[in-house]
Amino acid sequence: MQRTGLLLAACVAGFALMGPALADNKPMPDNAREYIIWPADGQVISGGKFWIRMGLSNAGIAPAGIEKQYTGHHHLIIDTDLPPLDDVIPNDKNHLHFGLGQTEARIELPPGRHTLQLLFGDDGHVPHKPPLYSAKITIIVPPSTGSAQ
Amino acid sequence: MNKRHLVAFAAMLAVSGVLTATNVRAQGSSNAKPDAATAKPEAEAASKRTPAPHDAYVYIGWPNDGEVVRTTHIKVWFGARNIGVAPAGTDKPNTGHHHLLIDVPLPPLDEPIPNDKNHLHFGLGQTETFIDLPPGTHTLQLLMADGDHIPHDPALMSKKITIHVVGGEKPPKVASQ
């Protein structure tokens with residue numbers, strides 16, 4: 001019975017450890033900001049190919065895996081909502097990671113309306129506290145008319 | 001006996017829960033997309049300077065060349081394409097950090113960039129800044145450098161731009177976008 005109790009305690013401790021591990025957001029200065037420099041909200045982009053320019057104020061860029069206070073790297077969220085802010089940012093075609101520390105990226109989107117939003121993540125791709133994310137903007141790619149550039 | 005098994009099983013579950021949680025984080029970082037700028041380092045032996053991707057370049061996104069700036073507190077944003085930004089001290093291929101040269105020519109490209117009021121280092125990996133300049137004509141130029149502040153090979157520098165600072169006015173109240 002005593003052993004059982006010990007095992008139970010270990011079990012509880014295990015779960016207790018798991019919680020903070022996921023919610024352990026790294027700090028960011030209160031005046032840090034992330035924003036999309038270009039394109040502008042409502043921008044019409046014929047052809048759908050463009051360079052997005054990612055802006056960051058009062059913080060620094062570091063590649064994924066590099067741990068340094070008040071740094072992180074950009075993630076671009078396309079056509080979807082913000083993911084949970086206490087967990088690793090997904091890595092798929094709607095969540096692009098710029099783990100080399102890029103501040104610009106070439107994007108290609110099909111005709112239609114698309115939303116773009118930046119979310120800053122730490123060395124392990126987890127958002128900071130407070131989380132840094134840009135306004136969610138909409139861009140419009142007109143239907144291709146055959147005379148695409 | 002049964003009960004003990006159950007508890008042991010629960011403990012195992014808990015432990016594996018912790019393991020998967022850490023795995024997810026580790027996976028996340030190894031999945032990091034290297035993206036475009038993964039050009040091979042060439043001519044590595046020829047120089048001690050860190051190679052830069054051949055298509056990388058840096059530029060001053062703001063202000064424009066010839067801009068008349070109506071404040072002495074000036075925002076400068078740094079553009080970098082096909083290369084990543086990393087804090088000083090980081091040894092990672094195809095990355096570097098920005099240095100802003102104010103009213104000076106380029107320093108020697110094979111040694112660390114000086115660190116003074118004419119050579120500002122952005123070793124946290126910043127991609128923009130505010131500088132204070134007295135009224136008059138000034139030049140600005142960006143020079144990227146590796147983790148040890150030595151320019152890459154080829155050196156990544158912006159065009160040297162000239163701005164005209166018109167002083168005396170209070171900085172306009174512009175939201176930082």
# chains A, B, ... in the order shown; residues from 1 in each chain; ligands from 1
call {"tool": "residues_around", "arguments": {"residues": "Thr80 of chain A", "least_positions_apart": "3", "cutoff": "10 Å", "atoms": "only C-alpha atoms", "output": "JSON, numbers by chain"}}
result
{"A": [77, 83, 94, 95, 114, 115, 116, 117, 136]}
call {"tool": "residues_around", "arguments": {"residues": "His164 of chain B", "least_positions_apart": "5", "cutoff": "9 Å", "atoms": "only C-alpha atoms", "output": "MDAnalysis selection string"}}
result
chainID B and resid 66:70 135:139
call {"tool": "select_by_dssp", "arguments": {"residues": "segment 1-148 of chain A", "states": "strand (DSSP E)", "output": "mmCIF file with N, CA and C atoms, in the first residue's frame"}}
result
data_model
loop_
_atom_site.group_PDB
_atom_site.id
_atom_site.type_symbol
_atom_site.label_atom_id
_atom_site.label_comp_id
_atom_site.auth_asym_id
_atom_site.auth_seq_id
_atom_site.Cartn_x
_atom_site.Cartn_y
_atom_site.Cartn_z
ATOM 1 N N ARG A 33 6.797 45.132 -30.119
ATOM 2 C CA ARG A 33 5.686 45.032 -31.065
ATOM 3 C C ARG A 33 6.104 44.229 -32.284
ATOM 4 N N GLU A 34 5.149 43.515 -32.830
ATOM 5 C CA GLU A 34 5.383 42.859 -34.102
ATOM 6 C C GLU A 34 4.351 43.375 -35.089
ATOM 7 N N TYR A 35 4.766 43.660 -36.315
ATOM 8 C CA TYR A 35 3.824 44.189 -37.301
ATOM 9 C C TYR A 35 4.254 43.817 -38.709
ATOM 10 N N ILE A 36 3.299 43.892 -39.621
ATOM 11 C CA ILE A 36 3.596 43.619 -41.028
ATOM 12 C C ILE A 36 3.915 44.952 -41.693
ATOM 13 N N ILE A 37 5.149 45.077 -42.181
ATOM 14 C CA ILE A 37 5.548 46.326 -42.838
ATOM 15 C C ILE A 37 4.868 46.401 -44.214
ATOM 16 N N TRP A 38 4.937 45.303 -44.928
ATOM 17 C CA TRP A 38 4.308 45.208 -46.241
ATOM 18 C C TRP A 38 3.883 43.771 -46.462
ATOM 19 N N LYS A 49 2.120 36.826 -56.065
ATOM 20 C CA LYS A 49 3.489 36.565 -55.599
ATOM 21 C C LYS A 49 4.053 37.849 -55.016
ATOM 22 N N PHE A 50 4.571 37.768 -53.820
ATOM 23 C CA PHE A 50 5.087 38.986 -53.187
ATOM 24 C C PHE A 50 6.075 38.636 -52.084
ATOM 25 N N TRP A 51 6.828 39.655 -51.696
ATOM 26 C CA TRP A 51 7.705 39.522 -50.531
ATOM 27 C C TRP A 51 6.984 40.159 -49.352
ATOM 28 N N ILE A 52 6.833 39.423 -48.284
ATOM 29 C CA ILE A 52 6.287 40.024 -47.071
ATOM 30 C C ILE A 52 7.465 40.526 -46.251
ATOM 31 N N ARG A 53 7.313 41.729 -45.693
ATOM 32 C CA ARG A 53 8.356 42.301 -44.843
ATOM 33 C C ARG A 53 7.854 42.319 -43.421
ATOM 34 N N MET A 54 8.622 41.721 -42.547
ATOM 35 C CA MET A 54 8.185 41.519 -41.161
ATOM 36 C C MET A 54 8.879 42.519 -40.240
ATOM 37 N N GLY A 55 8.083 43.251 -39.474
ATOM 38 C CA GLY A 55 8.631 44.300 -38.622
ATOM 39 C C GLY A 55 8.586 43.923 -37.145
ATOM 40 N N LEU A 56 9.598 44.382 -36.425
ATOM 41 C CA LEU A 56 9.707 44.073 -35.007
ATOM 42 C C LEU A 56 10.300 45.278 -34.283
ATOM 43 N N SER A 57 9.634 45.743 -33.232
ATOM 44 C CA SER A 57 10.133 46.873 -32.453
ATOM 45 C C SER A 57 10.500 46.419 -31.046
ATOM 46 N N GLY A 60 14.587 41.514 -30.502
ATOM 47 C CA GLY A 60 15.554 41.084 -31.504
ATOM 48 C C GLY A 60 15.162 39.775 -32.166
ATOM 49 N N ILE A 61 15.840 39.503 -33.277
ATOM 50 C CA ILE A 61 15.605 38.262 -34.012
ATOM 51 C C ILE A 61 16.722 37.278 -33.677
ATOM 52 N N THR A 71 14.504 37.755 -27.569
ATOM 53 C CA THR A 71 14.604 37.478 -28.999
ATOM 54 C C THR A 71 13.647 36.343 -29.358
ATOM 55 N N GLY A 72 13.483 36.172 -30.648
ATOM 56 C CA GLY A 72 12.644 35.093 -31.157
ATOM 57 C C GLY A 72 12.652 35.160 -32.667
ATOM 58 N N HIS A 73 11.739 34.426 -33.293
ATOM 59 C CA HIS A 73 11.692 34.504 -34.760
ATOM 60 C C HIS A 73 10.242 34.572 -35.222
ATOM 61 N N HIS A 74 10.110 35.042 -36.463
ATOM 62 C CA HIS A 74 8.774 35.290 -37.003
ATOM 63 C C HIS A 74 8.094 34.007 -37.489
ATOM 64 N N HIS A 75 6.777 33.990 -37.368
ATOM 65 C CA HIS A 75 5.941 32.945 -37.958
ATOM 66 C C HIS A 75 4.808 33.656 -38.682
ATOM 67 N N LEU A 76 4.506 33.197 -39.861
ATOM 68 C CA LEU A 76 3.433 33.823 -40.636
ATOM 69 C C LEU A 76 2.230 32.892 -40.665
ATOM 70 N N ILE A 77 1.116 33.441 -40.238
ATOM 71 C CA ILE A 77 -0.113 32.650 -40.186
ATOM 72 C C ILE A 77 -0.988 33.073 -41.356
ATOM 73 N N ILE A 78 -1.288 32.122 -42.211
ATOM 74 C CA ILE A 78 -2.015 32.410 -43.449
ATOM 75 C C ILE A 78 -3.395 31.751 -43.402
ATOM 76 N N HIS A 95 0.975 27.852 -41.286
ATOM 77 C CA HIS A 95 1.831 28.410 -40.236
ATOM 78 C C HIS A 95 3.272 28.273 -40.713
ATOM 79 N N LEU A 96 3.797 29.323 -41.328
ATOM 80 C CA LEU A 96 5.162 29.241 -41.860
ATOM 81 C C LEU A 96 6.158 29.706 -40.797
ATOM 82 N N HIS A 97 7.198 28.935 -40.624
ATOM 83 C CA HIS A 97 8.230 29.256 -39.635
ATOM 84 C C HIS A 97 9.416 29.908 -40.347
ATOM 85 N N GLU A 104 12.162 38.816 -44.167
ATOM 86 C CA GLU A 104 11.363 38.948 -45.383
ATOM 87 C C GLU A 104 11.178 37.550 -45.934
ATOM 88 N N ALA A 105 10.086 37.345 -46.651
ATOM 89 C CA ALA A 105 9.886 36.034 -47.252
ATOM 90 C C ALA A 105 9.044 36.162 -48.507
ATOM 91 N N ARG A 106 9.341 35.321 -49.473
ATOM 92 C CA ARG A 106 8.596 35.274 -50.719
ATOM 93 C C ARG A 106 7.377 34.388 -50.499
ATOM 94 N N ILE A 107 6.214 34.923 -50.828
ATOM 95 C CA ILE A 107 4.959 34.201 -50.625
ATOM 96 C C ILE A 107 4.223 34.123 -51.957
ATOM 97 N N GLU A 108 3.581 32.996 -52.189
ATOM 98 C CA GLU A 108 2.746 32.861 -53.387
ATOM 99 C C GLU A 108 1.380 32.371 -52.953
ATOM 100 N N GLY A 112 -7.969 35.085 -54.759
ATOM 101 C CA GLY A 112 -8.949 35.073 -53.676
ATOM 102 C C GLY A 112 -8.535 36.043 -52.584
ATOM 103 N N ARG A 113 -9.289 36.015 -51.484
ATOM 104 C CA ARG A 113 -8.943 36.847 -50.327
ATOM 105 C C ARG A 113 -8.141 35.994 -49.346
ATOM 106 N N HIS A 114 -7.126 36.565 -48.805
ATOM 107 C CA HIS A 114 -6.299 35.823 -47.850
ATOM 108 C C HIS A 114 -6.011 36.684 -46.632
ATOM 109 N N THR A 115 -5.901 36.030 -45.484
ATOM 110 C CA THR A 115 -5.493 36.770 -44.293
ATOM 111 C C THR A 115 -4.054 36.409 -43.951
ATOM 112 N N LEU A 116 -3.350 37.420 -43.452
ATOM 113 C CA LEU A 116 -1.958 37.249 -43.028
ATOM 114 C C LEU A 116 -1.822 37.808 -41.619
ATOM 115 N N GLN A 117 -1.112 37.100 -40.789
ATOM 116 C CA GLN A 117 -0.858 37.576 -39.427
ATOM 117 C C GLN A 117 0.489 37.024 -38.986
ATOM 118 N N LEU A 118 1.267 37.872 -38.320
ATOM 119 C CA LEU A 118 2.559 37.416 -37.804
ATOM 120 C C LEU A 118 2.434 37.051 -36.333
ATOM 121 N N LEU A 119 3.125 36.021 -35.941
ATOM 122 C CA LEU A 119 3.184 35.623 -34.531
ATOM 123 C C LEU A 119 4.651 35.310 -34.212
ATOM 124 N N PHE A 120 5.143 35.943 -33.174
ATOM 125 C CA PHE A 120 6.540 35.780 -32.793
ATOM 126 C C PHE A 120 6.662 34.574 -31.872
ATOM 127 N N GLY A 121 7.690 33.779 -32.087
ATOM 128 C CA GLY A 121 7.888 32.617 -31.222
ATOM 129 C C GLY A 121 9.318 32.552 -30.720
ATOM 130 N N ILE A 137 -4.216 41.016 -41.295
ATOM 131 C CA ILE A 137 -4.584 41.813 -42.461
ATOM 132 C C ILE A 137 -5.174 40.921 -43.550
ATOM 133 N N THR A 138 -5.864 41.568 -44.481
ATOM 134 C CA THR A 138 -6.441 40.834 -45.611
ATOM 135 C C THR A 138 -5.813 41.354 -46.892
ATOM 136 N N ILE A 139 -5.422 40.463 -47.752
ATOM 137 C CA ILE A 139 -4.957 40.880 -49.076
ATOM 138 C C ILE A 139 -5.837 40.211 -50.120
ATOM 139 N N ILE A 140 -5.870 40.807 -51.283
ATOM 140 C CA ILE A 140 -6.733 40.294 -52.350
ATOM 141 C C ILE A 140 -5.880 39.965 -53.569
ATOM 142 N N VAL A 141 -5.967 38.724 -54.001
ATOM 143 C CA VAL A 141 -5.295 38.316 -55.235
ATOM 144 C C VAL A 141 -6.376 38.188 -56.298
#
call {"tool": "closest_residue", "arguments": {"among": "B:Leu140, B:Ile83, B:Ile150, B:Ile60", "to": "chain A", "atoms": "only C-alpha atoms"}}
result
B:Ile83
call {"tool": "closest_residue", "arguments": {"among": "B:Thr127, B:Leu156, B:Asp148, B:Ala86", "to": "Trp62 of chain B", "atoms": "only C-alpha atoms"}}
result
B:Thr127
call {"tool": "closest_residue", "arguments": {"among": "A:Pro63, A:Gly47, A:Pro90, A:Pro111", "to": "Gly96 of chain B", "atoms": "only C-alpha atoms"}}
result
A:Pro63
